[in-house]
Amino acid sequence: MKLITLFLFTILILFTGCVPTQPIQVGNTQPLSEDSYKLQETFDLNISRNEVFDNVLEFITLKVADTKSGIEFKDRDNGKIIVKNRTQSSSGKVFGMVIMVDIYYTLQIDVKENKIRLTYSNFTYVDERHSRPLNNPQSNTEKKYFKKHLVQSKENCKLFSQKLLKFLKTGGGGDNW
């Protein structure tokens with residue numbers, strides 16, 4: 001048992017000694033274009049502006065439970081809600097286990113009569129050591145992973161949009177008790 005513990009401790013020391021403490025700068029890492037870095041969707045609804053606004057607030061309150069997330073701004077007169085939210089993206093497998101990373105983003109919801117526009121932006125990779133916008137990779141390897149995380153995050157955002165749309169079309173969370 002002591003031999004196994006010593007072996008694992010030695011491997012841990014070797015791996016931690018090989019991890020760079022500062023990001024490696026590579027000359028060819030251009031920030032991703034602003035258009036590829038956000039997602040915007042517009043939906044037509046047969047629902048009044050105030051009802052959409054109230055139901056969106058209810059949906060966000062029910063579905064966004066992360067303590068770092070939630071409603072940052074709401075303005076009924078201008079029909080605008082800004083939400084900080086989180087999704088997860090697969091970073092690959094280690095020893096057969098899927099490693100998930102947190103991607104935070106900003107969701108701006110604009111409400112007009114019979115319309116809603118959802119704009120997802122500011123996708124940011126967050127881990128224990130740092131947070132960095134997905135559009136600003138520090139190396140070519142990071143650029144590859146950030147693009148992958150961005151694609152997965154956009155797909156998750158599209159699913160979030162569909163859930164919100166379904167919630168709005170079915171009259172919100174109210175039940176007729």
# chains A, B, ... in the order shown; residues from 1 in each chain; ligands from 1
$ residues_around --residues "region 76-93 of chain A" --least-positions-apart "5" --cutoff "10 Å" --atoms "only C-alpha atoms" --output "PyMOL selection string"
chain A and resi 49-50+52-54+56-57+60+63-71+98-113+116-126+145-146+148-157+160
$ select_by_dssp --residues "region 46-173 of chain A" --states "strand (DSSP E or B)" --output "PyMOL selection string"
chain A and resi 70-75+80-94+97-112+115-126+131-133
$ select_by_dssp --residues "region 29-168 of chain A" --states "helix (DSSP H, G or I)" --output "ChimeraX atom specification"
/A:49-63,140-168
